[in-house]
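**Student:** As input, take model.txt (compact mmCIF, C-alpha atoms):
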```txt
# COMPACT_ATOMS: atom_id res chain seq x y z
CA GLN A 8 0.00 0.00 0.00
CA VAL A 9 1.12 3.54 -0.79
CA GLN A 10 0.04 6.62 1.16
CA LEU A 11 0.11 10.06 -0.47
CA VAL A 12 -0.10 13.51 1.15
CA GLU A 13 -0.27 16.68 -0.95
CA SER A 14 0.70 20.18 0.13
CA GLY A 15 1.37 23.58 -1.39
CA GLY A 16 -2.10 24.66 -2.49
CA ASP A 17 -2.91 28.33 -1.99
CA LEU A 18 -4.69 31.42 -3.29
CA VAL A 19 -2.62 33.05 -6.03
CA GLN A 20 -3.20 35.88 -8.50
CA PRO A 21 -3.48 35.22 -12.24
CA GLY A 22 -0.01 34.96 -13.75
CA GLY A 23 1.46 33.72 -10.50
CA SER A 24 3.24 30.49 -9.65
CA LEU A 25 2.84 27.66 -7.16
CA ARG A 26 4.69 24.46 -6.40
CA LEU A 27 2.68 21.47 -5.21
CA SER A 28 4.33 18.63 -3.35
CA CYS A 29 3.24 15.04 -2.79
CA ALA A 30 4.92 12.96 -0.09
CA ALA A 31 4.72 9.21 -0.63
CA SER A 32 5.15 6.57 2.05
CA GLY A 33 4.63 2.85 2.37
CA SER A 34 5.52 0.57 -0.56
CA THR A 35 7.15 3.35 -2.59
CA ALA A 36 9.64 1.01 -4.24
CA SER A 37 6.74 -0.65 -6.08
CA ILE A 38 5.49 2.58 -7.69
CA ASN A 39 5.82 2.64 -11.48
CA THR A 40 3.52 5.54 -12.32
CA MET A 41 2.73 8.86 -10.64
CA ALA A 42 0.48 11.69 -11.74
CA TRP A 43 -1.32 14.86 -10.81
CA TYR A 44 -5.06 15.18 -11.39
CA ARG A 45 -7.40 18.07 -10.67
CA GLN A 46 -11.09 18.53 -10.14
CA ALA A 47 -12.85 21.86 -10.49
CA PRO A 48 -16.30 22.47 -8.95
CA GLY A 49 -19.00 20.77 -11.00
CA LYS A 50 -16.49 19.06 -13.29
CA GLN A 51 -14.99 15.61 -13.58
CA ARG A 52 -11.52 14.86 -12.30
CA GLU A 53 -9.00 15.28 -15.11
CA LEU A 54 -5.40 14.32 -15.70
CA VAL A 55 -2.93 17.20 -15.47
CA ALA A 56 0.46 15.50 -15.79
CA HIS A 57 1.62 11.91 -15.87
CA LEU A 58 5.05 10.46 -15.12
CA LYS A 59 6.11 6.90 -15.84
CA VAL A 60 9.03 6.02 -13.57
CA GLY A 61 12.06 5.80 -15.83
CA GLY A 62 9.90 6.69 -18.81
CA ALA A 63 7.83 9.32 -20.53
CA ILE A 64 6.13 12.40 -19.12
CA THR A 65 2.87 13.69 -20.59
CA TYR A 66 0.80 16.80 -19.95
CA ALA A 67 -2.77 17.84 -20.60
CA ASP A 68 -2.95 20.30 -23.48
CA ALA A 69 -4.34 22.96 -21.14
CA VAL A 70 -1.15 23.05 -19.05
CA LYS A 71 1.60 22.31 -21.59
CA GLY A 72 4.40 24.83 -21.37
CA ARG A 73 3.16 26.13 -18.00
CA PHE A 74 3.33 23.14 -15.65
CA ASP A 75 6.25 20.84 -14.91
CA ILE A 76 6.00 17.47 -13.13
CA SER A 77 9.06 16.02 -11.44
CA ARG A 78 10.04 13.36 -8.93
CA ASP A 79 12.76 13.68 -6.31
CA THR A 80 13.80 10.21 -5.14
CA ARG A 81 10.93 7.77 -4.68
CA TYR A 82 9.33 9.76 -1.87
CA TYR A 83 8.35 13.09 -3.41
CA LEU A 84 6.42 14.20 -6.48
CA PHE A 85 6.18 17.86 -7.46
CA LEU A 86 4.11 20.01 -9.77
CA GLN A 87 5.59 23.39 -10.63
CA MET A 88 2.84 25.63 -11.96
CA THR A 89 3.54 28.95 -13.67
CA SER A 90 1.46 31.51 -15.55
CA LEU A 91 -1.56 30.39 -13.58
CA LYS A 92 -5.03 31.16 -14.91
CA PRO A 93 -8.41 31.34 -13.16
CA GLU A 94 -9.38 28.15 -15.00
CA ASP A 95 -6.59 26.32 -13.16
CA THR A 96 -8.63 26.68 -9.97
CA ALA A 97 -9.32 23.19 -8.65
CA VAL A 98 -8.49 20.63 -6.02
CA TYR A 99 -5.26 18.94 -7.11
CA TYR A 100 -4.74 15.26 -6.32
CA CYS A 101 -1.61 13.15 -6.31
CA TYR A 102 -1.91 9.64 -7.77
CA ALA A 103 0.34 6.59 -7.73
CA GLN A 104 0.11 3.13 -9.21
CA THR A 105 2.26 0.12 -8.41
CA GLY A 106 3.49 -2.59 -10.73
CA THR A 107 0.64 -4.83 -9.57
CA GLY A 108 -1.94 -2.22 -10.51
CA LEU A 109 -2.72 -0.99 -7.00
CA GLN A 110 -3.86 2.66 -7.17
CA SER A 111 -3.54 5.28 -4.45
CA TRP A 112 -4.84 8.84 -4.12
CA GLY A 113 -4.00 11.70 -1.83
CA GLN A 114 -6.60 13.81 -0.06
CA GLY A 115 -6.13 16.79 -2.38
CA THR A 116 -4.90 20.35 -2.03
CA GLN A 117 -6.88 23.44 -3.08
CA VAL A 118 -5.46 25.81 -5.69
CA THR A 119 -7.39 29.02 -6.25
CA VAL A 120 -6.36 31.50 -8.95
CA SER A 121 -8.12 34.80 -8.48
CA SER A 122 -7.44 38.52 -8.27
```
Go through the file and emit its structure as structure tokens.

**Tutor:**
Amino acid sequence: QVQLVESGGDLVQPGGSLRLSCAASGSTASINTMAWYRQAPGKQRELVAHLKVGGAITYADAVKGRFDISRDTRYYLFLQMTSLKPEDTAVYYCYAQTGTGLQSWGQGTQVTVSS
């Protein structure tokens, strides 16, 4: 089992930046995929950025060129967000999947982009 805890969400003005962090614990050595998702009010949860351990990184079209996903050791996942827009307002969730297909979610962190 993998446990995930996000942090870093905040209120920021349009054009600003934020860095989200996700701390992983438990069976972290078995993780082969990590990702950030977000869910805005009244909308479905959507993929923001996806990282295959030792492999490719992909981004949603809406955040390409503005967001950067990275992993520091097997314990931390980050999402650097720049040029933030009001439409980026959402609860951001950290996700991990192990080689056996076990999926884990964090509790979410709120990002609000508003002047």

**Student:** If you count only C-alpha atoms, which residues fall within 6 Å of segment 103-112 of chain A, apart from same-chain ones fewer than 6 positions away, as a PyMOL selection string?

**Tutor:** chain A and resi 37-41

**Student:** Would you mind telling me which residue in A:Val55, A:Val60, A:Val19, A:Leu86 lies nearest to Ala36 of chain A when using all atoms listed in the file?

**Tutor:**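 Looking only at the distances to Ala36 of chain A, the closest residue turns out to be A:Val60.
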
**Student:** So the first atom is atom CA of Pro93 of chain A and the second is atom CA of Pro21 of chain A; what is the distance between them in Å, to one decimal place?

**Tutor:**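 Atom-to-atom, atom CA of Pro93 of chain A and atom CA of Pro21 of chain A are spaced 6.3 Å apart.
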
**Student:** Tell me, in Å to one decimal, how far atom CA of Asp95 of chain A is from atom CA of Thr119 of chain A.

**Tutor:** 7.5 Å

**Student:** Between A:Phe74, A:Tyr44, A:Tyr66, A:Phe85, which residue has the minimum interatomic distance to Ala97 of chain A, considering all atoms listed in the file?

**Tutor:** A:Tyr44

**Student:** Between atom CA of Gln87 of chain A and atom CA of Val118 of chain A, what distance in Å does the model show, to one decimal?

**Tutor:**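 Straight-line distance from atom CA of Gln87 of chain A to atom CA of Val118 of chain A works out to 12.3 Å.
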
**Student:** Counting all atoms listed in the file, find residues at most 10 Å from (4.0, 27.8, -7.1) (file frame) and give them as a ChimeraX atom specification.

**Tutor:** /A:15-17,19,23-28,74,86-91,118

**Student:** Which residues, protein or nucleic acid, reach to within 9 Å of (3.4, 11.2, 2.2) in the file's coordinates when using all atoms listed in the file, and can you give that as a list in words?

**Tutor:**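 All residues meeting the 9 Å criterion around (3.4, 11.2, 2.2) are Val9, Gln10, Leu11, Val12, Glu13, Cys29, Ala30, Ala31, Ser32, Gly33, Tyr82, Tyr83 and Gly113 of chain A.
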
**Student:** Could you save the residues just selected, with C-alpha atoms, as a PDB file, keeping the file's coordinate frame?

**Tutor:**
```pdb
ATOM      1  CA  VAL A   9       1.120   3.540  -0.790  1.00  0.00           C
ATOM      2  CA  GLN A  10       0.040   6.620   1.160  1.00  0.00           C
ATOM      3  CA  LEU A  11       0.110  10.060  -0.470  1.00  0.00           C
ATOM      4  CA  VAL A  12      -0.100  13.510   1.150  1.00  0.00           C
ATOM      5  CA  GLU A  13      -0.270  16.680  -0.950  1.00  0.00           C
ATOM      6  CA  CYS A  29       3.240  15.040  -2.790  1.00  0.00           C
ATOM      7  CA  ALA A  30       4.920  12.960  -0.090  1.00  0.00           C
ATOM      8  CA  ALA A  31       4.720   9.210  -0.630  1.00  0.00           C
ATOM      9  CA  SER A  32       5.150   6.570   2.050  1.00  0.00           C
ATOM     10  CA  GLY A  33       4.630   2.850   2.370  1.00  0.00           C
ATOM     11  CA  TYR A  82       9.330   9.760  -1.870  1.00  0.00           C
ATOM     12  CA  TYR A  83       8.350  13.090  -3.410  1.00  0.00           C
ATOM     13  CA  GLY A 113      -4.000  11.700  -1.830  1.00  0.00           C
TER      14      GLY A 113
END
```

**Student:** Measuring between only C-alpha atoms, which one of A:Ala47, A:Ala69, A:Ile64, A:Leu84 shows the shortest distance to Cys101 of chain A?

**Tutor:**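 Once distances to Cys101 of chain A are computed over only C-alpha atoms, the minimum belongs to A:Leu84.
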
**Student:** May I have the centre and edge lengths, in Å to one decimal, of an axis-aligned box around the listed atoms of segment 25-28 of chain A with 3 Å added to every side, as lines of an AutoDock Vina configuration file?

**Tutor:**
```
center_x = 3.7
center_y = 23.1
center_z = -5.3
size_x = 8.0
size_y = 15.0
size_z = 9.8
```

**Student:** Within 8 Å of Gln46 of chain A, counting all atoms listed in the file, which residues qualify if same-chain residues fewer than 6 places away don't, as a list in words?

**Tutor:**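 So, after excluding close chain neighbours, the residues are Arg52, Glu53, Ala97, Val98 and Tyr99 of chain A.
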
**Student:** Just checking: using only C-alpha atoms, which residue out of A:Ala56, A:Ala42, A:Leu18, A:Val120 ends up closest to Val70 of chain A?

**Tutor:**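 Using only C-alpha atoms, the shortest distance to Val70 of chain A belongs to A:Ala56.
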
**Student:** Go through A:His57, A:Arg81, A:Gly115, A:Gln51 and flag the residue nearest Ser34 of chain A, using only C-alpha atoms for the distances.

**Tutor:**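 Comparing A:His57, A:Arg81, A:Gly115, A:Gln51 against Ser34 of chain A, the winner is A:Arg81.
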
**Student:** Which residue, A:Ser121, A:Asp79, A:Ala67, A:Gln20, has the smallest gap to Arg45 of chain A when you use all atoms listed in the file?

**Tutor:**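 Under the stated criterion, the closest residue is A:Ala67.
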